[in-house]
Every structure is written in structure tokens, then in C-alpha cells.
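*Asks:* This is the content of coords-v4.txt (compact mmCIF, C-alpha atoms and all ligand atoms):
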```
# COMPACT_ATOMS: atom_id res chain seq x y z
CA MET A 1 86.87 52.23 193.77
CA ALA A 2 90.25 52.63 192.16
CA GLU A 3 93.28 52.99 194.41
CA MET A 4 94.26 56.68 194.58
CA PHE A 5 97.57 58.18 195.66
CA TYR A 6 98.40 61.72 196.79
CA ASP A 7 101.59 63.48 197.94
CA ASP A 8 101.24 62.18 201.51
CA ASP A 9 101.26 58.56 200.26
CA ALA A 10 104.72 58.84 198.70
CA ASP A 11 108.28 59.36 199.91
CA LEU A 12 110.26 61.70 197.65
CA GLY A 13 113.45 60.32 199.23
CA VAL A 14 113.13 57.04 197.30
CA VAL A 15 113.71 58.61 193.88
CA GLN A 16 116.08 61.22 195.32
CA GLY A 17 118.31 58.30 196.28
CA LYS A 18 118.58 57.04 192.68
CA LYS A 19 120.60 58.06 189.66
CA VAL A 20 117.94 58.65 187.02
CA ALA A 21 118.45 58.60 183.23
CA VAL A 22 115.68 60.17 181.15
CA ILE A 23 115.93 58.82 177.60
CA GLY A 24 114.40 61.31 175.13
CA TYR A 25 113.84 65.03 175.65
CA GLY A 26 110.58 65.62 173.77
CA SER A 27 107.08 66.38 175.01
CA GLN A 28 107.18 64.09 178.07
CA GLY A 29 110.97 63.82 178.39
CA HIS A 30 111.62 67.52 178.95
CA ALA A 31 108.75 67.76 181.43
CA HIS A 32 109.80 64.73 183.49
CA ALA A 33 113.46 65.76 183.47
CA LEU A 34 112.88 69.36 184.55
CA ASN A 35 110.29 68.44 187.19
CA LEU A 36 112.61 65.74 188.59
CA ARG A 37 115.52 68.18 188.70
CA ASP A 38 113.40 70.79 190.47
CA SER A 39 112.34 68.09 192.98
CA GLY A 40 115.99 67.49 193.87
CA VAL A 41 116.55 64.33 191.82
CA ASP A 42 119.91 63.48 190.19
CA VAL A 43 118.98 63.46 186.47
CA ARG A 44 120.95 62.92 183.28
CA ILE A 45 119.51 62.89 179.74
CA GLY A 46 120.20 60.16 177.17
CA LEU A 47 119.96 61.16 173.50
CA ALA A 48 121.20 59.78 170.19
CA GLU A 49 124.38 61.25 168.70
CA GLY A 50 123.52 64.42 166.76
CA SER A 51 120.11 64.74 168.45
CA ARG A 52 118.13 67.90 167.74
CA SER A 53 117.02 68.01 171.39
CA ARG A 54 120.52 68.21 172.81
CA ALA A 55 120.76 72.02 172.69
CA LYS A 56 117.42 72.47 174.49
CA ALA A 57 118.41 70.14 177.32
CA GLU A 58 121.85 71.73 177.65
CA ALA A 59 120.29 75.21 177.71
CA GLU A 60 118.48 74.08 180.88
CA GLY A 61 121.81 73.10 182.40
CA LEU A 62 121.05 69.38 182.17
CA ARG A 63 123.82 66.84 181.59
CA VAL A 64 123.36 65.21 178.18
CA LEU A 65 124.98 61.85 177.40
CA THR A 66 124.45 59.16 174.81
CA VAL A 67 121.67 56.70 175.62
CA ALA A 68 124.27 54.03 176.41
CA GLU A 69 126.28 56.30 178.74
CA ALA A 70 123.21 57.59 180.57
CA THR A 71 121.91 54.03 180.99
CA ALA A 72 125.24 52.75 182.30
CA GLU A 73 125.15 55.32 185.14
CA ALA A 74 121.53 54.85 186.11
CA ASP A 75 119.57 53.02 188.82
CA LEU A 76 116.37 54.05 187.03
CA VAL A 77 116.05 54.35 183.24
CA VAL A 78 113.02 56.34 182.09
CA ILE A 79 112.08 55.50 178.49
CA LEU A 80 110.46 58.57 176.91
CA THR A 81 111.34 58.33 173.23
CA PRO A 82 108.43 57.94 170.79
CA ASP A 83 106.72 54.56 171.19
CA GLN A 84 107.69 53.41 167.68
CA VAL A 85 111.45 53.66 168.32
CA GLN A 86 111.51 52.31 171.89
CA ARG A 87 112.11 48.68 170.98
CA THR A 88 115.17 49.51 168.86
CA VAL A 89 116.56 52.02 171.36
CA TYR A 90 116.05 49.46 174.14
CA ALA A 91 117.65 46.55 172.27
CA GLU A 92 120.63 48.48 170.90
CA HIS A 93 121.41 51.18 173.47
CA ILE A 94 119.74 50.34 176.79
CA GLU A 95 119.70 46.58 177.42
CA PRO A 96 123.45 46.02 176.72
CA HIS A 97 124.42 48.79 179.19
CA LEU A 98 121.77 48.37 181.89
CA LYS A 99 123.17 47.95 185.42
CA ASP A 100 122.14 44.77 187.14
CA GLY A 101 119.04 45.52 189.19
CA ALA A 102 118.34 48.88 187.51
CA ALA A 103 114.64 49.68 187.12
CA LEU A 104 112.82 50.67 183.92
CA LEU A 105 110.05 53.25 183.86
CA PHE A 106 107.64 53.96 180.99
CA GLY A 107 105.22 56.85 180.32
CA HIS A 108 102.87 54.56 178.39
CA GLY A 109 102.56 50.77 178.33
CA PHE A 110 102.56 50.22 174.54
CA ASN A 111 105.86 48.36 174.11
CA ILE A 112 105.37 46.14 177.15
CA ARG A 113 101.68 45.39 176.48
CA PHE A 114 102.26 44.42 172.85
CA GLY A 115 105.51 42.55 173.51
CA TYR A 116 107.89 44.82 171.58
CA ILE A 117 110.12 45.03 174.67
CA THR A 118 110.72 42.09 177.02
CA PRO A 119 112.74 43.35 179.99
CA ARG A 120 115.08 41.15 182.03
CA ALA A 121 113.43 39.31 184.89
CA SER A 122 115.77 41.13 187.31
CA SER A 123 114.50 44.64 186.40
CA ASP A 124 111.64 46.33 188.18
CA VAL A 125 109.30 47.58 185.44
CA LEU A 126 107.05 50.49 186.30
CA MET A 127 104.86 53.07 184.68
CA VAL A 128 103.99 56.63 185.57
CA ALA A 129 101.75 57.86 182.77
CA PRO A 130 100.63 61.50 182.93
CA LYS A 131 97.06 61.96 181.72
CA GLY A 132 97.93 65.09 179.77
CA PRO A 133 100.37 66.45 177.19
CA GLY A 134 103.99 66.90 178.26
CA HIS A 135 103.97 70.66 177.98
CA LEU A 136 101.16 70.80 180.55
CA VAL A 137 103.06 68.38 182.81
CA ARG A 138 105.82 70.99 182.98
CA ARG A 139 103.58 74.09 183.06
CA GLU A 140 101.33 72.74 185.84
CA TYR A 141 104.33 71.71 187.96
CA ALA A 142 105.94 75.14 187.56
CA ASP A 143 102.64 76.72 188.68
CA GLY A 144 102.57 74.56 191.82
CA ARG A 145 100.00 72.10 190.50
CA GLY A 146 100.23 68.80 188.61
CA VAL A 147 98.69 66.64 185.91
CA PRO A 148 97.01 63.41 187.15
CA VAL A 149 98.97 60.21 186.54
CA LEU A 150 98.33 56.49 186.21
CA LEU A 151 100.75 54.21 188.10
CA ALA A 152 101.46 50.56 187.37
CA VAL A 153 104.01 47.89 188.14
CA GLU A 154 104.62 45.06 185.65
CA GLN A 155 107.62 43.41 187.32
CA ASP A 156 108.70 43.77 190.94
CA PRO A 157 111.70 41.55 191.68
CA SER A 158 113.00 44.05 194.27
CA GLY A 159 109.69 44.19 196.11
CA THR A 160 109.98 48.01 196.18
CA ALA A 161 108.70 48.95 192.72
CA TRP A 162 105.49 50.56 194.02
CA ASP A 163 107.44 52.78 196.44
CA LEU A 164 109.61 53.97 193.54
CA ALA A 165 106.63 54.51 191.24
CA LYS A 166 104.84 56.63 193.84
CA SER A 167 108.01 58.56 194.66
CA TYR A 168 108.63 59.29 190.96
CA ALA A 169 105.02 60.33 190.43
CA LYS A 170 105.35 62.75 193.36
CA ALA A 171 108.59 64.17 191.97
CA ILE A 172 107.00 65.07 188.62
CA GLY A 173 104.02 66.70 190.40
CA GLY A 174 101.51 64.01 189.49
CA LEU A 175 100.44 63.25 193.07
CA ARG A 176 99.50 66.89 193.66
CA ALA A 177 96.63 66.19 191.26
CA GLY A 178 96.29 62.50 192.16
CA GLY A 179 97.55 59.13 190.97
CA ILE A 180 95.41 56.13 190.12
CA GLY A 181 96.69 52.56 190.41
CA THR A 182 96.29 50.52 187.23
CA THR A 183 98.07 47.86 185.14
CA PHE A 184 100.11 48.15 181.94
CA THR A 185 97.29 46.39 180.09
CA GLU A 186 94.52 48.66 181.36
CA GLU A 187 96.55 51.85 180.80
CA THR A 188 97.60 50.90 177.28
CA GLU A 189 94.20 49.74 176.06
CA THR A 190 92.24 52.63 177.61
CA ASP A 191 94.81 55.24 176.53
CA LEU A 192 94.71 54.09 172.90
CA PHE A 193 90.92 53.87 172.99
CA GLY A 194 90.48 57.31 174.56
CA GLU A 195 92.77 59.05 172.08
CA GLN A 196 91.31 57.27 169.06
CA ALA A 197 87.59 57.20 169.85
CA VAL A 198 86.99 60.31 171.95
CA LEU A 199 89.77 62.79 172.67
CA CYS A 200 91.72 63.04 169.43
CA GLY A 201 90.07 61.00 166.68
CA GLY A 202 86.47 61.46 167.77
CA ALA A 203 86.72 65.14 168.72
CA SER A 204 88.76 66.15 165.63
CA GLN A 205 86.33 64.45 163.25
CA LEU A 206 83.30 65.90 165.04
CA VAL A 207 84.72 69.43 164.79
CA GLN A 208 85.64 68.99 161.12
CA TYR A 209 82.21 67.61 160.16
CA GLY A 210 80.48 70.45 162.01
CA PHE A 211 82.64 73.06 160.26
CA GLU A 212 82.14 71.40 156.86
CA THR A 213 78.36 71.19 157.30
CA LEU A 214 78.05 74.90 158.09
CA THR A 215 80.49 76.21 155.47
CA GLU A 216 79.05 73.95 152.73
CA ALA A 217 75.63 75.41 153.57
CA GLY A 218 77.07 78.89 152.87
CA TYR A 219 77.74 80.20 156.39
CA GLN A 220 80.90 82.24 156.98
CA PRO A 221 83.89 80.07 157.93
CA GLU A 222 84.80 82.44 160.78
CA VAL A 223 81.40 81.96 162.39
CA ALA A 224 81.58 78.20 161.81
CA TYR A 225 85.04 78.14 163.45
CA PHE A 226 83.76 79.82 166.61
CA GLU A 227 80.71 77.56 166.86
CA CYS A 228 82.41 74.26 166.17
CA LEU A 229 85.96 74.66 167.50
CA HIS A 230 86.57 77.67 169.73
CA GLU A 231 83.53 77.17 171.98
CA LEU A 232 84.46 73.53 172.54
CA LYS A 233 87.00 74.55 175.17
CA LEU A 234 84.46 76.55 177.12
CA ILE A 235 82.07 73.59 177.12
CA VAL A 236 84.78 71.12 178.10
CA ASP A 237 85.96 73.38 180.95
CA LEU A 238 82.47 73.17 182.44
CA MET A 239 82.48 69.38 182.06
CA ILE A 240 85.80 69.14 183.91
CA GLU A 241 84.46 71.30 186.74
CA GLY A 242 81.14 69.56 187.24
CA GLY A 243 80.55 66.83 184.69
CA ILE A 244 78.14 66.88 181.77
CA ALA A 245 75.48 67.92 184.30
CA LYS A 246 77.21 71.25 185.05
CA GLN A 247 77.65 71.96 181.37
CA ARG A 248 73.91 71.42 180.90
CA TRP A 249 73.16 73.62 183.92
CA SER A 250 75.14 76.51 182.47
CA ILE A 251 73.85 76.48 178.88
CA SER A 252 70.45 77.88 177.85
CA ASP A 253 67.34 75.71 178.01
CA THR A 254 67.28 75.91 174.22
CA ALA A 255 70.79 74.47 174.02
CA GLU A 256 70.03 71.86 176.67
CA PHE A 257 66.90 70.64 174.84
CA GLY A 258 68.88 70.52 171.57
CA ASP A 259 71.57 68.54 173.37
CA TYR A 260 69.03 65.87 174.40
CA VAL A 261 67.15 65.56 171.13
CA SER A 262 69.98 66.01 168.58
CA GLY A 263 73.06 64.61 170.33
CA PRO A 264 71.94 60.99 170.02
CA ARG A 265 71.05 61.58 166.34
CA VAL A 266 74.56 62.84 165.52
CA ILE A 267 76.38 60.31 167.69
CA ASP A 268 73.95 57.46 167.02
CA PRO A 269 74.18 53.83 168.25
CA HIS A 270 76.24 53.03 165.18
CA VAL A 271 79.04 55.11 166.66
CA LYS A 272 79.10 52.89 169.73
CA GLU A 273 79.33 49.80 167.50
CA ASN A 274 82.29 51.45 165.72
CA MET A 275 83.89 52.18 169.09
CA LYS A 276 83.55 48.52 170.10
CA GLN A 277 85.27 47.49 166.88
CA ILE A 278 88.10 49.97 167.50
CA LEU A 279 88.53 48.63 171.05
CA ALA A 280 88.63 45.06 169.72
CA GLU A 281 91.40 46.01 167.25
CA ILE A 282 93.37 47.69 170.03
CA LYS A 283 93.07 44.65 172.31
CA ASP A 284 94.03 42.07 169.68
CA GLY A 285 97.10 44.07 168.57
CA THR A 286 95.78 44.95 165.09
CA PHE A 287 96.18 48.70 165.68
CA ALA A 288 99.65 48.32 167.23
CA LYS A 289 100.85 46.26 164.25
CA HIS A 290 99.30 48.71 161.76
CA PHE A 291 101.13 51.63 163.42
CA ILE A 292 104.48 49.90 163.88
CA ASP A 293 104.52 48.33 160.38
CA ASP A 294 103.85 51.73 158.79
CA GLN A 295 106.59 53.32 160.95
CA ASP A 296 109.03 50.57 160.03
CA ALA A 297 108.32 51.25 156.34
CA GLY A 298 109.21 54.95 156.77
CA ALA A 299 105.68 56.03 157.81
CA PRO A 300 104.11 56.57 154.35
CA GLU A 301 100.53 56.29 155.61
CA PHE A 302 101.18 58.44 158.69
CA THR A 303 102.87 61.16 156.63
CA ALA A 304 100.07 61.27 154.04
CA LEU A 305 97.35 61.46 156.72
CA ARG A 306 99.19 64.19 158.61
CA GLU A 307 99.54 66.23 155.41
CA LYS A 308 95.84 65.78 154.56
CA GLY A 309 94.80 66.89 158.07
CA ALA A 310 96.90 70.04 157.86
CA GLN A 311 95.23 70.98 154.56
CA HIS A 312 91.70 71.04 156.00
CA PRO A 313 90.08 74.49 155.47
CA ILE A 314 89.40 74.87 159.22
CA GLU A 315 93.14 75.26 159.82
CA LYS A 316 93.39 78.27 157.48
CA THR A 317 90.37 79.99 159.05
CA GLY A 318 91.66 79.25 162.53
CA LYS A 319 95.12 80.60 161.82
CA GLU A 320 93.70 83.92 160.58
CA LEU A 321 91.29 84.24 163.50
CA ARG A 322 93.77 83.34 166.21
CA GLY A 323 96.08 86.03 164.84
CA LEU A 324 93.32 88.55 165.67
CA MET A 325 92.63 87.17 169.15
CA SER A 326 95.49 88.65 171.11
CA TRP A 327 94.40 86.97 174.36
CA ILE A 328 95.04 83.49 172.97
CA LYS A 329 98.68 82.83 173.60
CA ASP A 330 100.52 79.84 172.26
CA SER A 331 102.60 79.09 175.34
CA ASP A 332 104.61 76.36 173.67
CA SER A 333 107.55 78.10 172.05
CA ASP A 334 108.63 74.94 170.21
CA TYR A 335 105.27 74.56 168.43
CA VAL A 336 105.40 75.95 164.88
CA GLU A 337 101.96 76.49 163.41
CA GLY A 338 101.52 74.64 160.14
CA SER A 339 104.51 72.38 160.76
CA ALA A 340 104.04 68.65 160.64
CA ALA A 341 105.90 67.51 163.74
P1 LIG B 1 108.39 62.76 171.59
O1 LIG B 1 108.04 62.45 170.17
O2 LIG B 1 108.11 64.14 172.05
O3 LIG B 1 109.93 62.37 171.86
C1 LIG B 1 110.91 62.98 171.16
C2 LIG B 1 112.23 62.80 171.87
O4 LIG B 1 112.73 61.47 171.69
C3 LIG B 1 113.25 63.75 171.29
O5 LIG B 1 114.14 64.17 172.31
C4 LIG B 1 113.95 62.86 170.31
O6 LIG B 1 115.26 63.31 169.99
C5 LIG B 1 114.02 61.56 171.08
N1 LIG B 1 114.25 60.43 170.22
C6 LIG B 1 113.60 60.10 169.07
N2 LIG B 1 114.14 59.01 168.52
C7 LIG B 1 115.18 58.65 169.32
C8 LIG B 1 116.14 57.61 169.29
N3 LIG B 1 116.13 56.73 168.30
N4 LIG B 1 117.06 57.56 170.27
C9 LIG B 1 117.09 58.45 171.28
N5 LIG B 1 116.19 59.47 171.37
C10 LIG B 1 115.25 59.55 170.40
O7 LIG B 1 107.70 61.66 172.53
P2 LIG B 1 106.49 61.88 173.55
O8 LIG B 1 106.97 62.68 174.70
O9 LIG B 1 105.26 62.27 172.82
O10 LIG B 1 106.26 60.36 174.03
C11 LIG B 1 107.17 59.71 174.90
C12 LIG B 1 106.42 58.62 175.65
O11 LIG B 1 105.44 59.23 176.51
C13 LIG B 1 105.64 57.67 174.75
O12 LIG B 1 105.67 56.41 175.35
C14 LIG B 1 104.23 58.27 174.77
O13 LIG B 1 103.21 57.32 174.48
C15 LIG B 1 104.14 58.71 176.21
N6 LIG B 1 103.16 59.76 176.48
C16 LIG B 1 103.19 60.90 175.73
C17 LIG B 1 102.31 61.91 175.98
C18 LIG B 1 102.48 63.24 175.31
O14 LIG B 1 102.03 64.22 175.86
N7 LIG B 1 103.13 63.39 174.18
C19 LIG B 1 101.24 61.77 177.01
C20 LIG B 1 101.39 60.58 177.84
C21 LIG B 1 102.30 59.60 177.52
P3 LIG B 1 115.51 64.23 168.67
O15 LIG B 1 115.27 65.62 169.11
O16 LIG B 1 116.91 63.97 168.32
O17 LIG B 1 114.53 63.77 167.62
MG MG B 2 98.59 58.02 174.28
MG MG B 3 75.67 78.88 170.61
```
Show the structure stored in the file as C-alpha cells.
*Replies:*
Amino acid sequence: MAEMFYDDDADLGVVQGKKVAVIGYGSQGHAHALNLRDSGVDVRIGLAEGSRSRAKAEAEGLRVLTVAEATAEADLVVILTPDQVQRTVYAEHIEPHLKDGAALLFGHGFNIRFGYITPRASSDVLMVAPKGPGHLVRREYADGRGVPVLLAVEQDPSGTAWDLAKSYAKAIGGLRAGGIGTTFTEETETDLFGEQAVLCGGASQLVQYGFETLTEAGYQPEVAYFECLHELKLIVDLMIEGGIAKQRWSISDTAEFGDYVSGPRVIDPHVKENMKQILAEIKDGTFAKHFIDDQDAGAPEFTALREKGAQHPIEKTGKELRGLMSWIKDSDSDYVEGSAA
């Protein structure tokens, strides 16, 4: 059984006694920073000169400095810029200004696991990785709940890294939902696998193929949208509450029988072989290199794929339908429908 942590297992005072610099104010950065502040932690934000995020952070009353200035003040530096820029930000703006003995905290293990960042031996290196998008990390905290987190310690020269990791996780609300102890390696490999094979890659492709199959057979796109995309949430909600078993309990016997006989034909054993290959390429660094090399070249492949995804007919149908469904609110004011980033 994995080691689990809840609010009672952590002392908020540990992180409240530190000067914390949150580097980056995007999806995770804004959520960590605001939750820390509301938990009574001394937070400053580090951003590049001319950053687009500066105004948002300042509007919340947060102190915004350059990455170097924020780092120089901090006992704990939280690295929440996009993974592909972390190694450059670390080398140029964090490492030269890091106080002796200051700890580093990551929201995902990518740069440590694949060797893009090698911290000093004297730094504690920890991870608190929320298992959910940043906007939910903030929304759940504000509603008195939290998003579950993974906790890990890669380096512990102080001997107190776990106490700090647990304290930080509590401060961002993660231990209200529960924390699970892991390692940088396990978090990184399983996170990449989950998002590629199941949650993002797998689910997106499944929805698109379902929509294409129905519309190409002449069914109305609006009906196809409801069947293949909208209802997915209702099914997943039941899975979260009671596993696949509860989902099968709630659906009709017709749907349940169809689940058993057709599911394994759609997602056939081939798919599992493909998943094993994807996991192998994550573990041996092939995926990491593919991503970082493309980013370093100005992201031509990423940009083209993003554009192609946005052009899929399901997006046009969905946009029209959601406009008619007044009860679906987009609670993220910084999300612009149809925009790339
Ligand atoms: P975002 O893409 O949302 O981060 C954007 C922020 O980083 C902006 O404030 C941006 O500033 C700033 N930034 C970008 N480049 C630089 C730079 N060179 N120097 C300083 N600041 C910079 O990142 P995420 O929140 O998605 O990811 C952060 C970390 O959290 C990653 O390690 C990710 O894997 C992990 N994570 C993310 C999850 C998520 O929900 N997105 C879930 C769990 C983990 P500007 O406005 O100027 O561009
Ligand atoms: Mg991820
Ligand atoms: Mg149905």
C-alpha cells in the first residue's frame, strides 16, 4: 500500500517559516501562489522582464520580482514555468542567485528525471505534483477542498525535506484530498504515460474517432457530439465515485452488455502493445528528447499539431452547442475558445 498523507500528518508551520519564491504564474503557478498566500505563507513571484503574467499576479496583490531577485530572497524556490524552459531558467536565473541551503520544489519531475537540471548537492530537492489542472487546484482550495498530490524527495541534505514537502502540500490544499508518497522517477514516467496513453492522447483520439465514425455515416454532428464527447463526463463522474463497477451499475443492461462485448473490440490487445511501446519510449528518454528538441527548434511540430487539432470538425460543432447550453459555464476567464495557448 502506498504511503498516504493527510492534513494531520503535516505541520503548516514549516512552510510558513520560509520565504517562498514561485517562479512562473501560469496554470500551476497562480494556483500554488494564491493557495500559499491564503495559507499564511510569505510568497513572492519570479517572472521574466516584460512577462505577460505580471499584471495578473499584481492584480492579486502579489509581489512580483525578476526570477533572479525572487530566488535571491528565497529559502524555497518553486519552479513552475513550462517544463521546456526550466533548464534555461534554472541555469541562467536561478542557480547563480540561489541562497546556500535553499530548497528547490518542482510540480513535475521531468527536468530532474531526464537530467536537464542537476541541482547542487547542498539543495533539498522536492516535488509536490497536483494530480489535476492548475485552475482546479485553485478552485478546489477556494471551495474548501483540494486536488490530490504526489510527494517526492530527490535530495535531502538537510534531513528535513519530507517535512517541508508535506507542509507545502498542506498549504496548497493537497492534503485535504490526500497525498501519496512517490519518487521523481515514478511520478514522471507515470504522469507522461497517463497523459499520453489514457487521459489526453487516448481519450481525445477515442472521442474524435467516435465522432468521425458517426458523422461519416451521415448522423447529425450535434447528436454525435453529445454521444461521444458530452456524455463522457457523466460516465467518468460515476467512475470517480465508484469505479468502473459503479458506472456499469448505473447504465442500462443494454449499455452494460455492449460495454463487455464491444469495448475489447475497439480497444483491442494491439492497443496495449502500443501502450507498452509508448511507455518504453518515455522510460528511455526518447519522448523527452523529441519534445525538447522540437521546442528548442521553435516548436514547429508542436505548433502544426496544435493547429491541426483545433481544426477538427468536432470543435466547431461543440462551440455552437455549448453556446446554447447556458448551464455549462467556462469558469476559467483566461481561457479563450479557439486560441492556441
Ligand atoms: P504554464 O505554461 O501555465 O506556465 C506559464 C508561466 O510560466 C507564465 O507565468 C509564464 O510567463 C512563465 N514563463 C514562461 N517562460 C518563462 C521564462 N523563460 N522565465 C520565467 N517565466 C516563464 O505552466 P504549467 O503550470 O502548465 O506547468 C508548470 C509545471 O507544473 C510544469 O512542470 C508542469 O509539468 C507541471 N504541472 C502542470 C499541470 C497543469 O495543470 N498545467 C499539472 C501538474 C503539473 P509569461 O506570462 O510571461 O509567458
Ligand atoms: Mg503532466
Ligand atoms: Mg446512450
*Asks:* Could you give me, as a PDB file with C-alpha atoms, in the frame of the given file, the residues within 8 Å of stretch 133-138 of chain A, counting only C-alpha atoms and dropping anything in the same chain fewer than 3 positions from it?
*Replies:*
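The resulting file, result_38.pdb, is shown below:
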```
ATOM      1  CA  SER A  27     107.080  66.380 175.010  1.00  0.00           C
ATOM      2  CA  GLN A  28     107.180  64.090 178.070  1.00  0.00           C
ATOM      3  CA  GLY A  29     110.970  63.820 178.390  1.00  0.00           C
ATOM      4  CA  HIS A  30     111.620  67.520 178.950  1.00  0.00           C
ATOM      5  CA  ALA A  31     108.750  67.760 181.430  1.00  0.00           C
ATOM      6  CA  HIS A  32     109.800  64.730 183.490  1.00  0.00           C
ATOM      7  CA  LEU A  34     112.880  69.360 184.550  1.00  0.00           C
ATOM      8  CA  ASN A  35     110.290  68.440 187.190  1.00  0.00           C
ATOM      9  CA  PRO A 130     100.630  61.500 182.930  1.00  0.00           C
ATOM     10  CA  TYR A 141     104.330  71.710 187.960  1.00  0.00           C
ATOM     11  CA  ALA A 142     105.940  75.140 187.560  1.00  0.00           C
ATOM     12  CA  GLY A 146     100.230  68.800 188.610  1.00  0.00           C
ATOM     13  CA  VAL A 147      98.690  66.640 185.910  1.00  0.00           C
ATOM     14  CA  ILE A 172     107.000  65.070 188.620  1.00  0.00           C
ATOM     15  CA  GLY A 173     104.020  66.700 190.400  1.00  0.00           C
ATOM     16  CA  ASP A 332     104.610  76.360 173.670  1.00  0.00           C
TER      17      ASP A 332
END
```
*Asks:* Hey, what's within 10 Å of stretch 90-99 of chain A if we count only C-alpha atoms and toss same-chain stuff fewer than 3 positions away? As a ChimeraX atom specification, please?
*Replies:* /A:23,46,48,66-77,79,85-87,102-104,116-120,123
*Asks:* Taking all atoms listed in the file into account, which of A:Val20, A:Leu234, A:Ile292, A:Val43 comes nearest A:Ser250?
*Replies:*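 So, comparing all the options, the nearest one is A:Leu234.
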*Asks:* Output as a tab-separated table one row per residue of chain A within 8 Å of ligand MG 2 (chain B): the closest atom pair and its distance in Å to one decimal place, counting only C-alpha atoms and all ligand atoms, sorted by chain and residue number ascending.
*Replies:*
```
residue	atom	partner	partner_atom	distance
A:His108	CA	B:MG2	MG	6.9
A:Thr188	CA	B:MG2	MG	7.8
A:Asp191	CA	B:MG2	MG	5.2
A:Leu192	CA	B:MG2	MG	5.7
A:Glu195	CA	B:MG2	MG	6.3
```
*Asks:* May I ask for the distance between atom CA of A:Gly115 and atom CA of A:Asp293, given in Å to one decimal place?
*Replies:*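 Here the two named atoms are 14.4 Å from each other.
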*Asks:* Would you mind listing the residues within 12 Å of ligand MG 3 (chain B), counting only C-alpha atoms and all ligand atoms, as a list in words?
*Replies:*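 Counting only C-alpha atoms and all ligand atoms, the residues within 12 Å of ligand MG 3 (chain B) come out as Val223, Ala224, Tyr225, Phe226, Glu227, Cys228, Leu229, His230, Glu231, Leu232, Leu234, Ile235, Ile251, Ser252, Asp253, Thr254, Ala255, Glu256, Gly258 and Asp259 of chain A.
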*Asks:* Write a file of the selected residues as a PDB file, keeping the file's coordinate frame, keeping C-alpha atoms.
*Replies:*
```
ATOM      1  CA  VAL A 223      81.400  81.960 162.390  1.00  0.00           C
ATOM      2  CA  ALA A 224      81.580  78.200 161.810  1.00  0.00           C
ATOM      3  CA  TYR A 225      85.040  78.140 163.450  1.00  0.00           C
ATOM      4  CA  PHE A 226      83.760  79.820 166.610  1.00  0.00           C
ATOM      5  CA  GLU A 227      80.710  77.560 166.860  1.00  0.00           C
ATOM      6  CA  CYS A 228      82.410  74.260 166.170  1.00  0.00           C
ATOM      7  CA  LEU A 229      85.960  74.660 167.500  1.00  0.00           C
ATOM      8  CA  HIS A 230      86.570  77.670 169.730  1.00  0.00           C
ATOM      9  CA  GLU A 231      83.530  77.170 171.980  1.00  0.00           C
ATOM     10  CA  LEU A 232      84.460  73.530 172.540  1.00  0.00           C
ATOM     11  CA  LEU A 234      84.460  76.550 177.120  1.00  0.00           C
ATOM     12  CA  ILE A 235      82.070  73.590 177.120  1.00  0.00           C
ATOM     13  CA  ILE A 251      73.850  76.480 178.880  1.00  0.00           C
ATOM     14  CA  SER A 252      70.450  77.880 177.850  1.00  0.00           C
ATOM     15  CA  ASP A 253      67.340  75.710 178.010  1.00  0.00           C
ATOM     16  CA  THR A 254      67.280  75.910 174.220  1.00  0.00           C
ATOM     17  CA  ALA A 255      70.790  74.470 174.020  1.00  0.00           C
ATOM     18  CA  GLU A 256      70.030  71.860 176.670  1.00  0.00           C
ATOM     19  CA  GLY A 258      68.880  70.520 171.570  1.00  0.00           C
ATOM     20  CA  ASP A 259      71.570  68.540 173.370  1.00  0.00           C
TER      21      ASP A 259
END
```
*Asks:* Could you tell me how far atom CA of A:Gly50 sits from atom CA of A:Gln16, in Å to one decimal place?
*Replies:*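 For atom CA of A:Gln16 relative to atom CA of A:Gly50, the distance reads 29.7 Å.
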*Asks:* Would you mind telling me which residue in A:Glu3, A:Asp100, A:Glu189, A:Glu315 lies nearest to A:Phe114 when using only C-alpha atoms?
*Replies:* A:Glu189
*Asks:* Report, in Å with one decimal, the straight-line distance from atom CA of A:Gly13 to atom CA of A:Arg44.
*Replies:* 17.8 Å
*Asks:* Go through A:Val15, A:Met1, A:Leu324, A:Val22 one by one, measure the shortest atom-to-atom distance of each to ligand LIG 1 (chain B) using all atoms listed in the file, and give the residue with the smallest value.
*Replies:*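 Checking each candidate against ligand LIG 1 (chain B), we get A:Val22 as the closest.
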*Asks:* Padding 3 Å on each side, edges along x, y and z: where is the centre of the box around the listed atoms of stretch 117-134 of chain A, and how long are its edges in Å to one decimal? Output it as lines of an AutoDock Vina configuration file.
*Replies:*
```
center_x = 106.4
center_y = 53.1
center_z = 181.4
size_x = 24.7
size_y = 33.6
size_z = 19.5
```
*Asks:* I need the residue nearest ligand LIG 1 (chain B) from this list: A:Leu36, A:Ala129, A:Val78, A:Val261. Use all atoms listed in the file for the distance.
*Replies:*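 With all atoms listed in the file as the atom set, the closest residue is A:Ala129.
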*Asks:* Calculated over only C-alpha atoms and all ligand atoms, which of the candidates A:Arg265, A:Lys131, A:Lys170, A:Arg306 has the smallest distance to ligand LIG 1 (chain B)?
*Replies:*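 Closest to ligand LIG 1 (chain B) of all the choices is A:Lys131.
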*Asks:* For a quick check of understanding, using only C-alpha atoms and all ligand atoms, which of A:Gly101, A:Gly144, A:Gly181, A:Gly194 has the smallest distance to ligand LIG 1 (chain B)?
*Replies:*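 Looking only at the distances to ligand LIG 1 (chain B), the closest residue turns out to be A:Gly194.
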